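J.: Contents are PDB, C-alpha atoms; file name model_33.pdb:
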```pdb
MODEL        1
ATOM      1  CA  MET A 463     -24.822 -10.171 -40.767
ATOM      2  CA  ARG A 464     -21.719  -8.953 -39.040
ATOM      3  CA  ASN A 465     -20.841 -10.488 -35.734
ATOM      4  CA  LYS A 466     -20.901  -7.826 -33.066
ATOM      5  CA  MET A 467     -17.903  -7.683 -30.750
ATOM      6  CA  ARG A 468     -18.952  -8.616 -27.242
ATOM      7  CA  LYS A 469     -17.590  -6.530 -24.426
ATOM      8  CA  PRO A 470     -15.847  -8.562 -21.708
ATOM      9  CA  ILE A 471     -18.047  -9.066 -18.659
ATOM     10  CA  LYS A 472     -16.676  -7.576 -15.444
ATOM     11  CA  TYR A 473     -18.228  -9.335 -12.498
ATOM     12  CA  GLU A 474     -18.574  -7.647  -9.131
ATOM     13  CA  ILE A 475     -19.225  -8.995  -5.661
ATOM     14  CA  GLU A 476     -22.245  -7.693  -3.767
ATOM     15  CA  PHE A 477     -22.728  -8.316  -0.055
ATOM     16  CA  ILE A 478     -26.247  -8.163   1.331
ATOM     17  CA  ALA A 479     -25.603  -7.279   4.966
ATOM     18  CA  ASP A 480     -27.067  -5.557   8.005
ATOM     19  CA  SER A 481     -24.424  -2.806   7.965
ATOM     20  CA  LYS A 482     -21.092  -1.713   6.481
ATOM     21  CA  VAL A 483     -18.266   0.701   7.426
ATOM     22  CA  GLU A 484     -15.146   1.921   5.607
ATOM     23  CA  PHE A 485     -11.877   3.538   6.666
ATOM     24  CA  ASN A 486      -9.012   5.399   5.009
ATOM     25  CA  HIS A 487     -10.532   5.857   1.537
ATOM     26  CA  ASN A 488     -11.839   2.273   1.308
ATOM     27  CA  ASP A 489      -8.450   0.740   2.203
ATOM     28  CA  LEU A 490     -10.348  -1.046   4.986
ATOM     29  CA  LYS A 491     -13.913  -2.351   4.656
ATOM     30  CA  MET A 492     -16.050  -4.165   7.220
ATOM     31  CA  TYR A 493     -19.452  -5.847   6.836
ATOM     32  CA  LYS A 494     -21.692  -7.077   9.642
ATOM     33  CA  GLY A 495     -24.436  -9.651   9.333
ATOM     34  CA  ILE A 496     -23.942 -10.739   5.707
ATOM     35  CA  LYS A 497     -26.932 -12.819   4.633
ATOM     36  CA  ALA A 498     -26.004 -13.337   0.976
ATOM     37  CA  VAL A 499     -23.014 -13.007  -1.370
ATOM     38  CA  VAL A 500     -23.948 -12.249  -4.973
ATOM     39  CA  ASN A 501     -21.599 -12.505  -7.962
ATOM     40  CA  GLU A 502     -22.437 -13.961 -11.358
ATOM     41  CA  GLY A 503     -19.046 -15.392 -12.239
ATOM     42  CA  PRO A 504     -15.467 -15.809 -10.985
ATOM     43  CA  THR A 505     -14.589 -12.459  -9.419
ATOM     44  CA  PRO A 506     -11.093 -11.472  -8.203
ATOM     45  CA  LEU A 507     -10.943 -10.246  -4.620
ATOM     46  CA  ASN A 508      -9.419  -6.778  -4.457
ATOM     47  CA  TYR A 509      -8.745  -7.066  -0.730
ATOM     48  CA  THR A 510      -7.268  -9.600   1.634
ATOM     49  CA  THR A 511     -10.406 -10.692   3.496
ATOM     50  CA  ILE A 512     -11.026 -12.467   6.778
ATOM     51  CA  VAL A 513     -14.510 -13.981   6.948
ATOM     52  CA  ILE A 514     -16.069 -14.808  10.318
ATOM     53  CA  CYS A 515     -18.891 -17.335  10.148
ATOM     54  CA  LYS A 516     -21.135 -16.806  13.171
ATOM     55  CA  LYS A 517     -24.164 -18.825  12.100
ATOM     56  CA  GLY A 518     -25.141 -21.497   9.595
ATOM     57  CA  LYS A 519     -23.122 -23.097   6.818
ATOM     58  CA  VAL A 520     -21.504 -21.776   3.631
ATOM     59  CA  LYS A 521     -20.078 -23.369   0.509
ATOM     60  CA  CYS A 522     -18.124 -21.543  -2.206
ATOM     61  CA  ASN A 523     -15.366 -21.780  -4.780
ATOM     62  CA  LEU A 524     -12.285 -19.820  -3.697
ATOM     63  CA  GLY A 525      -9.309 -19.678  -6.033
ATOM     64  CA  GLY A 526     -10.629 -22.635  -8.008
ATOM     65  CA  LYS A 527     -11.043 -24.776  -4.891
ATOM     66  CA  GLU A 528     -14.349 -25.846  -3.342
ATOM     67  CA  ILE A 529     -14.467 -25.014   0.369
ATOM     68  CA  GLN A 530     -17.104 -25.399   3.068
ATOM     69  CA  TYR A 531     -17.276 -23.724   6.465
ATOM     70  CA  GLN A 532     -19.732 -23.272   9.291
ATOM     71  CA  ALA A 533     -20.458 -21.398  12.510
ATOM     72  CA  GLY A 534     -17.272 -20.973  14.555
ATOM     73  CA  ASP A 535     -14.961 -20.983  11.520
ATOM     74  CA  ILE A 536     -12.988 -18.144  10.008
ATOM     75  CA  ILE A 537     -11.643 -18.016   6.461
ATOM     76  CA  PHE A 538      -8.507 -16.229   5.335
ATOM     77  CA  ALA A 539      -8.864 -15.266   1.662
ATOM     78  CA  SER A 540      -5.808 -13.656   0.078
ATOM     79  CA  SER A 541      -6.359 -10.785  -2.300
ATOM     80  CA  ARG A 542      -6.484 -11.521  -6.025
ATOM     81  CA  LEU A 543      -8.014 -14.970  -5.551
ATOM     82  CA  THR A 544     -11.274 -15.486  -7.418
ATOM     83  CA  LEU A 545     -14.596 -16.087  -5.663
ATOM     84  CA  GLN A 546     -17.667 -17.731  -7.195
ATOM     85  CA  ASP A 547     -20.619 -20.029  -6.526
ATOM     86  CA  THR A 548     -21.292 -18.927  -2.952
ATOM     87  CA  HIS A 549     -24.203 -20.759  -1.324
ATOM     88  CA  MET A 550     -25.321 -19.870   2.206
ATOM     89  CA  SER A 551     -27.808 -21.722   4.393
ATOM     90  CA  ALA A 552     -30.947 -19.839   5.409
ATOM     91  CA  SER A 553     -29.608 -19.213   8.918
ATOM     92  CA  ALA A 554     -26.090 -18.207   7.854
ATOM     93  CA  SER A 555     -24.571 -14.903   8.991
ATOM     94  CA  LEU A 556     -21.067 -13.642   8.214
ATOM     95  CA  ASP A 557     -18.893 -10.749   9.350
ATOM     96  CA  THR A 558     -15.973  -9.697   7.144
ATOM     97  CA  ILE A 559     -12.971  -7.437   7.460
ATOM     98  CA  SER A 560     -11.138  -6.627   4.218
ATOM     99  CA  PHE A 561      -7.956  -4.607   3.824
ATOM    100  CA  LYS A 562      -5.444  -3.660   1.167
ATOM    101  CA  ASP A 563      -2.201  -5.614   1.360
ATOM    102  CA  PHE A 564      -0.084  -2.533   2.042
ATOM    103  CA  LEU A 565      -1.992  -1.976   5.295
ATOM    104  CA  ALA A 566      -1.103  -5.454   6.518
ATOM    105  CA  TYR A 567       2.561  -4.855   5.752
ATOM    106  CA  GLN A 568       2.405  -1.617   7.745
ATOM    107  CA  PHE A 569       1.138  -3.505  10.780
ATOM    108  CA  LEU A 570       3.266  -6.650  10.722
ATOM    109  CA  VAL A 571       6.993  -6.363  11.311
ATOM    110  CA  HIS A 572       7.799  -9.936  10.334
ATOM    111  CA  THR A 573       6.698  -9.770   6.710
ATOM    112  CA  SER A 574       8.353 -13.078   5.846
ATOM    113  CA  GLN A 575       6.184 -14.803   8.450
ATOM    114  CA  MET A 576       3.056 -13.263   6.985
ATOM    115  CA  ASN A 577       4.060 -14.360   3.488
ATOM    116  CA  LEU A 578       4.648 -17.910   4.708
ATOM    117  CA  LEU A 579       1.321 -18.047   6.509
ATOM    118  CA  LYS A 580      -0.562 -16.575   3.543
ATOM    119  CA  SER A 581       1.001 -19.236   1.335
ATOM    120  CA  LYS A 582      -0.193 -21.978   3.706
ATOM    121  CA  MET A 583      -3.620 -20.390   3.915
ATOM    122  CA  LEU A 584      -3.951 -20.639   0.150
ATOM    123  CA  GLU A 585      -3.762 -24.399   0.605
ATOM    124  CA  ASP A 586      -6.233 -24.553   3.503
ATOM    125  CA  PRO A 587      -8.072 -21.263   4.186
ATOM    126  CA  VAL A 588     -10.591 -22.538   6.776
ATOM    127  CA  ILE A 589      -9.738 -22.226  10.479
ATOM    128  CA  SER A 590     -12.017 -23.790  13.109
ATOM    129  CA  LEU A 591     -12.035 -21.810  16.367
ATOM    130  CA  ASN A 592     -12.565 -23.035  19.887
ATOM    131  CA  LYS A 593     -14.834 -21.056  22.231
ATOM    132  CA  GLN A 594     -12.018 -18.930  23.657
ATOM    133  CA  GLN A 595     -10.650 -18.088  20.208
ATOM    134  CA  GLN A 596     -14.146 -17.153  19.034
ATOM    135  CA  GLN A 597     -14.450 -14.734  21.927
ATOM    136  CA  TYR A 598     -11.124 -13.069  21.057
ATOM    137  CA  ILE A 599     -11.990 -12.727  17.369
ATOM    138  CA  TYR A 600     -15.570 -11.527  17.894
ATOM    139  CA  THR A 601     -14.534  -8.942  20.510
ATOM    140  CA  LEU A 602     -11.695  -7.539  18.408
ATOM    141  CA  PHE A 603     -13.876  -7.352  15.316
ATOM    142  CA  ASP A 604     -16.696  -5.530  17.150
ATOM    143  CA  THR A 605     -14.238  -3.078  18.713
ATOM    144  CA  ILE A 606     -12.652  -2.185  15.371
ATOM    145  CA  TYR A 607     -16.091  -1.903  13.764
ATOM    146  CA  ASP A 608     -17.277   0.490  16.469
ATOM    147  CA  MET A 609     -14.119   2.609  16.146
ATOM    148  CA  VAL A 610     -14.491   2.908  12.382
ATOM    149  CA  SER A 611     -18.199   3.727  12.634
ATOM    150  CA  ASP A 612     -17.412   6.367  15.292
ATOM    151  CA  LYS A 613     -19.586   4.796  17.967
ATOM    152  CA  LEU A 614     -16.840   4.882  20.581
ATOM    153  CA  PHE A 615     -15.213   8.255  20.104
ATOM    154  CA  ASP A 616     -14.656  11.134  17.703
ATOM    155  CA  GLY A 617     -11.522  12.918  16.594
ATOM    156  CA  ARG A 618      -8.267  11.486  15.290
ATOM    157  CA  LYS A 619      -8.713   7.758  15.620
ATOM    158  CA  ALA A 620      -6.487   6.377  12.850
ATOM    159  CA  TYR A 621      -3.700   5.291  15.223
ATOM    160  CA  ALA A 622      -6.079   3.382  17.509
ATOM    161  CA  ILE A 623      -7.755   1.636  14.562
ATOM    162  CA  LYS A 624      -4.409   0.584  13.112
ATOM    163  CA  LYS A 625      -3.234  -0.840  16.432
ATOM    164  CA  MET A 626      -6.480  -2.769  16.865
ATOM    165  CA  LEU A 627      -6.252  -4.093  13.312
ATOM    166  CA  GLU A 628      -2.658  -5.110  14.025
ATOM    167  CA  ALA A 629      -3.862  -7.071  17.049
ATOM    168  CA  PHE A 630      -6.689  -8.652  15.066
ATOM    169  CA  ILE A 631      -4.405  -9.865  12.271
ATOM    170  CA  ALA A 632      -1.813 -11.080  14.791
ATOM    171  CA  VAL A 633      -4.455 -13.158  16.618
ATOM    172  CA  VAL A 634      -5.647 -14.723  13.338
ATOM    173  CA  MET A 635      -2.081 -15.517  12.301
ATOM    174  CA  THR A 636      -1.251 -17.000  15.715
ATOM    175  CA  ILE A 637      -4.354 -19.204  15.711
ATOM    176  CA  TYR A 638      -3.544 -20.451  12.237
ATOM    177  CA  GLN A 639       0.115 -21.068  13.022
ATOM    178  CA  ASN A 640      -0.635 -22.961  16.245
ATOM    179  CA  ARG A 641      -3.554 -25.028  15.059
ATOM    180  CA  GLU A 642      -3.330 -28.807  15.038
ATOM    181  CA  VAL A 643      -2.476 -30.366  11.688
ATOM    182  CA  PRO A 644      -3.796 -33.896  11.012
ATOM    183  CA  GLU A 645      -1.046 -36.531  11.010
ATOM    184  CA  GLU A 646      -2.114 -37.846   7.624
ATOM    185  CA  ASP A 647      -1.252 -34.508   5.977
ATOM    186  CA  THR A 648       1.829 -34.946   3.786
ATOM    187  CA  PRO A 649       3.791 -32.471   1.658
ATOM    188  CA  ILE A 650       2.778 -32.178  -1.984
ATOM    189  CA  LYS A 651       5.362 -33.724  -4.260
ATOM    190  CA  GLY A 652       6.308 -31.863  -7.409
ATOM    191  CA  ILE A 653       5.383 -28.355  -8.456
ATOM    192  CA  HIS A 654       2.020 -28.006 -10.193
ATOM    193  CA  GLY A 655       0.370 -25.071 -11.921
ATOM    194  CA  GLU A 656      -1.425 -23.719  -8.840
ATOM    195  CA  GLU A 657       1.769 -23.964  -6.772
ATOM    196  CA  LEU A 658       3.700 -22.038  -9.433
ATOM    197  CA  ALA A 659       1.083 -19.288  -9.375
ATOM    198  CA  LYS A 660       1.339 -19.123  -5.564
ATOM    199  CA  ARG A 661       5.115 -18.955  -5.719
ATOM    200  CA  PHE A 662       4.897 -16.092  -8.183
ATOM    201  CA  TYR A 663       2.499 -14.253  -5.854
ATOM    202  CA  MET A 664       4.741 -14.773  -2.833
ATOM    203  CA  MET A 665       7.836 -13.659  -4.764
ATOM    204  CA  VAL A 666       6.138 -10.424  -5.826
ATOM    205  CA  ASN A 667       4.926  -9.878  -2.246
ATOM    206  CA  ASP A 668       8.406 -10.327  -0.761
ATOM    207  CA  GLN A 669       9.285  -6.964   0.779
ATOM    208  CA  ASN A 670      12.938  -7.404  -0.205
ATOM    209  CA  ASN A 671      12.030  -7.900  -3.843
ATOM    210  CA  HIS A 672      11.154  -4.996  -6.140
ATOM    211  CA  GLU A 673      11.370  -6.706  -9.536
ATOM    212  CA  ARG A 674       8.657  -5.531 -11.944
ATOM    213  CA  ASN A 675       9.595  -7.548 -15.030
ATOM    214  CA  VAL A 676       7.299 -10.535 -15.684
ATOM    215  CA  ALA A 677       9.994 -12.304 -17.704
ATOM    216  CA  GLU A 678      12.338 -12.295 -14.702
ATOM    217  CA  TYR A 679       9.760 -14.059 -12.536
ATOM    218  CA  ALA A 680       9.159 -16.627 -15.276
ATOM    219  CA  LYS A 681      12.911 -17.224 -15.468
ATOM    220  CA  LEU A 682      13.159 -17.756 -11.703
ATOM    221  CA  LEU A 683      10.276 -20.237 -11.876
ATOM    222  CA  ASN A 684      11.866 -21.970 -14.877
ATOM    223  CA  ILE A 685       8.792 -21.494 -17.090
ATOM    224  CA  THR A 686       7.956 -19.261 -20.048
ATOM    225  CA  PRO A 687       6.300 -15.851 -19.541
ATOM    226  CA  LYS A 688       3.342 -17.103 -21.595
ATOM    227  CA  TYR A 689       2.803 -20.114 -19.326
ATOM    228  CA  LEU A 690       3.161 -17.909 -16.228
ATOM    229  CA  ALA A 691       0.483 -15.606 -17.649
ATOM    230  CA  ILE A 692      -1.860 -18.568 -18.191
ATOM    231  CA  LEU A 693      -1.375 -19.839 -14.623
ATOM    232  CA  VAL A 694      -1.748 -16.459 -12.920
ATOM    233  CA  ARG A 695      -4.838 -15.651 -14.970
ATOM    234  CA  ARG A 696      -6.350 -19.058 -14.139
ATOM    235  CA  TYR A 697      -5.754 -18.968 -10.370
ATOM    236  CA  MET A 698      -5.786 -15.239  -9.620
ATOM    237  CA  GLY A 699      -8.015 -13.841 -12.344
ATOM    238  CA  LYS A 700      -5.468 -11.268 -13.497
ATOM    239  CA  ALA A 701      -2.383 -10.938 -15.662
ATOM    240  CA  PRO A 702       1.030 -11.151 -13.916
ATOM    241  CA  LEU A 703       1.765  -7.497 -14.669
ATOM    242  CA  GLU A 704      -1.529  -6.466 -13.037
ATOM    243  CA  VAL A 705      -0.533  -8.320  -9.860
ATOM    244  CA  ILE A 706       2.925  -6.719  -9.893
ATOM    245  CA  THR A 707       1.486  -3.243 -10.490
ATOM    246  CA  GLU A 708      -1.116  -3.530  -7.737
ATOM    247  CA  ILE A 709       1.424  -4.668  -5.149
ATOM    248  CA  THR A 710       3.909  -1.997  -6.266
ATOM    249  CA  LEU A 711       1.245   0.710  -5.964
ATOM    250  CA  ASP A 712       0.267  -0.540  -2.501
ATOM    251  CA  ARG A 713       3.895  -0.152  -1.423
ATOM    252  CA  ILE A 714       4.183   3.286  -3.001
ATOM    253  CA  LYS A 715       0.970   4.487  -1.318
ATOM    254  CA  SER A 716       2.124   3.100   2.003
ATOM    255  CA  GLU A 717       5.487   4.874   1.786
ATOM    256  CA  LEU A 718       3.950   8.182   0.690
ATOM    257  CA  GLN A 719       1.268   8.050   3.388
ATOM    258  CA  PHE A 720       3.146   6.759   6.402
ATOM    259  CA  SER A 721       6.925   7.153   5.974
ATOM    260  CA  THR A 722       9.056  10.265   6.453
ATOM    261  CA  LYS A 723      11.299   9.430   3.486
ATOM    262  CA  SER A 724      11.638  11.959   0.683
ATOM    263  CA  VAL A 725      10.102  11.095  -2.687
ATOM    264  CA  LYS A 726      13.603  10.498  -4.028
ATOM    265  CA  GLU A 727      14.418   8.101  -1.183
ATOM    266  CA  ILE A 728      11.192   6.198  -1.770
ATOM    267  CA  ALA A 729      11.922   5.903  -5.497
ATOM    268  CA  TYR A 730      15.344   4.394  -4.909
ATOM    269  CA  SER A 731      14.236   2.170  -2.028
ATOM    270  CA  LEU A 732      11.665   0.610  -4.401
ATOM    271  CA  ARG A 733      14.361   0.144  -7.065
ATOM    272  CA  PHE A 734      13.137   2.652  -9.630
ATOM    273  CA  ASP A 735      15.947   3.635 -11.989
ATOM    274  CA  ASN A 736      15.517   7.351 -11.445
ATOM    275  CA  LEU A 737      13.206   9.938  -9.891
ATOM    276  CA  SER A 738      11.749  10.965 -13.249
ATOM    277  CA  PHE A 739      10.622   7.436 -14.104
ATOM    278  CA  PHE A 740       9.165   7.027 -10.604
ATOM    279  CA  GLY A 741       7.176  10.242 -11.020
ATOM    280  CA  LYS A 742       5.786   9.138 -14.393
ATOM    281  CA  TYR A 743       4.900   5.694 -13.006
ATOM    282  CA  VAL A 744       2.973   7.163 -10.061
ATOM    283  CA  LYS A 745       1.177   9.747 -12.197
ATOM    284  CA  LYS A 746       0.183   7.104 -14.737
ATOM    285  CA  HIS A 747      -1.420   4.860 -12.115
ATOM    286  CA  LEU A 748      -2.544   7.286  -9.390
ATOM    287  CA  GLY A 749      -3.322  10.303 -11.553
ATOM    288  CA  VAL A 750      -1.063  12.744  -9.669
ATOM    289  CA  SER A 751       2.627  13.193  -8.901
ATOM    290  CA  PRO A 752       4.102  11.459  -5.821
ATOM    291  CA  GLN A 753       4.451  14.709  -3.884
ATOM    292  CA  ARG A 754       0.938  15.826  -4.728
ATOM    293  CA  TYR A 755      -0.467  12.458  -3.670
ATOM    294  CA  ARG A 756       1.367  12.759  -0.335
ATOM    295  CA  ASN A 757       0.212  16.353   0.188
ATOM    296  CA  GLN A 758      -3.415  15.444  -0.541
ATOM    297  CA  TYR A 759      -3.290  12.527   1.898
ATOM    298  CA  LEU A 760      -1.710  14.614   4.665
ATOM    299  CA  ARG A 761      -4.162  17.460   4.115
ATOM    300  CA  GLU A 762      -7.179  15.148   4.270
ATOM    301  CA  HIS A 763      -5.952  13.367   7.415
ATOM    302  CA  SER A 764      -4.789  16.400   9.375
ATOM    303  CA  LYS A 765      -8.322  17.713   9.907
TER     304      LYS A 765
ENDMDL
END
```
Output the file's structure as structure tokens, nothing else.
T.:
Amino acid sequence: MRNKMRKPIKYEIEFIADSKVEFNHNDLKMYKGIKAVVNEGPTPLNYTTIVICKKGKVKCNLGGKEIQYQAGDIIFASSRLTLQDTHMSASASLDTISFKDFLAYQFLVHTSQMNLLKSKMLEDPVISLNKQQQQYIYTLFDTIYDMVSDKLFDGRKAYAIKKMLEAFIAVVMTIYQNREVPEEDTPIKGIHGEELAKRFYMMVNDQNNHERNVAEYAKLLNITPKYLAILVRRYMGKAPLEVITEITLDRIKSELQFSTKSVKEIAYSLRFDNLSFFGKYVKKHLGVSPQRYRNQYLREHSK
């Protein structure tokens, strides 16, 4: 008998929640009252996600690391990390806000600070809130949720939602940055596989860097492209080129949607060799030319 080729399994994450809202073509997603998280195997997160634990206790594997959190904690999970083995207590209830990376970069001026904080959060994603911090976070979350679900007002609300999301992210970042660090914490000596994968991710995310060649990143990290591929696949669930492409496309979409630059200016600002190559790159990954993508976005959001 011939051995049949097995198709690779693509796991997906399912949230069983009280309600859900979305904004800007799924670039922002929010869930309220999550009672269960279902995924059969290690699943890459497609969004940067902030989880608010309001009740109960939760245990999961995030990016290959076992973490536990409880009521009053929030968790900052960077996009492209893998999630698996989520176990929630019977009383547990979670709220989540998930957004594409390019949205965060639109909101935060100090991108280098965000990159630094995201790198630290990879090491320790759980943040315990005091009562006052809980009140800030819960109020901001509920306000954004109501805006997106149109409970507060109708009409053109994108600007208000973006400003509220900016405030929400800024509060989370400030809480994380100012939290007390135990005295026994000491820097990790040496550079291990997980740290190399994180450095690669942060290098690609650097707004001043537009390199799209995997071999160049491997060279900067003083490892082979093959070893870099193994590490990124292990800790992020994707190939290095997939990570580079996703971040590049987020930047392209952001520029086409929100900037007033011409397509040519965008192409050169993102270090594409020429306008023709930029056009082919965008059409290959987004299905339409840069100008047509921009026109469609403006037409849909001018109503």
J.: At what distance in Å, to one decimal, does atom CA of Lys660 of chain A lie from atom CA of Thr686 of chain A?
T.: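 The value is 15.9 Å.
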J.: Around (-21.4, 0.0, 7.3) in the file's frame, which residues reach within 9 Å when counting only C-alpha atoms? Return as a list in words?
T.: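 Taken together, the residues in range are Ala479, Asp480, Ser481, Lys482, Val483, Glu484, Lys491, Met492, Tyr493, Lys494, Tyr607 and Ser611 of chain A.
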J.: Between A:Ser721, A:Asn675, A:His747, A:Leu683, which is the closest to Phe662 of chain A once you count only C-alpha atoms?
T.: A:Leu683
J.: Hey, can I get the axis-aligned box for segment 688-692 of chain A? All listed atoms, 6 Å padding on each side, centre and edge lengths in Å to one decimal, as lines of an AutoDock Vina configuration file.
T.:
```
center_x = 0.7
center_y = -17.9
center_z = -18.9
size_x = 17.2
size_y = 16.5
size_z = 17.4
```
J.: What does the distance between atom CA of Thr510 of chain A and atom CA of Lys726 of chain A come to in Å, to one decimal place?
T.: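 Going from atom CA of Thr510 of chain A over to atom CA of Lys726 of chain A covers 29.5 Å.
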J.: Could you expand the PyMOL selection byres ((chain A and resi 487) around 12) into the explicit residues it covers here, written as a list in words?
T.: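 With the shown file as input, the PyMOL selection byres ((chain A and resi 487) around 12) matches Val483, Glu484, Phe485, Asn486, Asn488, Asp489, Leu490, Lys491, Phe561, Lys562, Val610, Lys715, Tyr759, Glu762 and His763 of chain A.
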J.: Translate the PyMOL selection byres ((chain A and resi 709) around 8), as applied to the file shown, into an explicit residue set as a ChimeraX atom specification.
T.: /A:563-564,666-667,705-708,710-713
J.: Only C-alpha atoms, please: the residues just picked out, written as a short mmCIF file (atom, residue, chain, number, x, y, z; two decimals), keeping the file's coordinate frame.
T.:
```cif
data_model
loop_
_atom_site.label_atom_id
_atom_site.label_comp_id
_atom_site.auth_asym_id
_atom_site.auth_seq_id
_atom_site.Cartn_x
_atom_site.Cartn_y
_atom_site.Cartn_z
CA ASP A 563 -2.20 -5.61 1.36
CA PHE A 564 -0.08 -2.53 2.04
CA VAL A 666 6.14 -10.42 -5.83
CA ASN A 667 4.93 -9.88 -2.25
CA VAL A 705 -0.53 -8.32 -9.86
CA ILE A 706 2.92 -6.72 -9.89
CA THR A 707 1.49 -3.24 -10.49
CA GLU A 708 -1.12 -3.53 -7.74
CA THR A 710 3.91 -2.00 -6.27
CA LEU A 711 1.25 0.71 -5.96
CA ASP A 712 0.27 -0.54 -2.50
CA ARG A 713 3.90 -0.15 -1.42
#
```
J.: Ranking A:Lys619, A:Ala701, A:Ile478, A:Gln753 by minimum distance to Lys723 of chain A and counting only C-alpha atoms, which one comes first?
T.: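 Nearest to Lys723 of chain A: A:Gln753.
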J.: Tell me, as a list in words, which residues lie within 10 Å of Ile536 of chain A, counting all atoms listed in the file; anything in the same chain fewer than 4 positions away does not count.
T.: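 My list of contacting residues is Ile512, Val513, Ile514, Cys515, Lys516, Tyr531, Gln532, Leu556, Asp557, Thr558, Pro587, Val588, Ile589, Ser590, Leu591, Gln596, Ile599, Val634 and Tyr638 of chain A.
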J.: Just to confirm, what's the straight-line distance from atom CA of Leu732 of chain A to atom CA of Thr511 of chain A in Å (one decimal)?
T.: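 Those two atoms sit 26.0 Å apart.
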J.: Specify as a PyMOL selection string each residue included when the PyMOL selection byres ((chain A and resi 528) around 12) is applied to this file.
T.: chain A and resi 520-527+529-531+544-549+585-588
J.: Can you work out which one of A:Val725, A:Ile623, A:Ala680, A:Val744 has the shortest atom-to-atom distance to Leu703 of chain A, counting only C-alpha atoms?
T.: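 So, comparing all the options, the nearest one is A:Ala680.
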J.: Looking at all atoms listed in the file, which of A:Tyr755, A:Met698, A:Arg733, A:Val500 is the one that sits closest to Ala539 of chain A?
T.: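 Closest candidate: A:Met698.
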J.: Give the answer as one residue: which of A:His672, A:Ala622, A:Val694, A:Lys745 has the shortest atom-to-atom distance to Tyr730 of chain A, using all atoms listed in the file?
T.: A:His672
J.: So which one's closest to Val633 of chain A, A:Tyr509, A:Tyr697, A:Tyr621, A:Tyr600? Using all atoms listed in the file, please.
T.: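 Going through A:Tyr509, A:Tyr697, A:Tyr621, A:Tyr600 one by one, the smallest distance to Val633 of chain A is for A:Tyr600.
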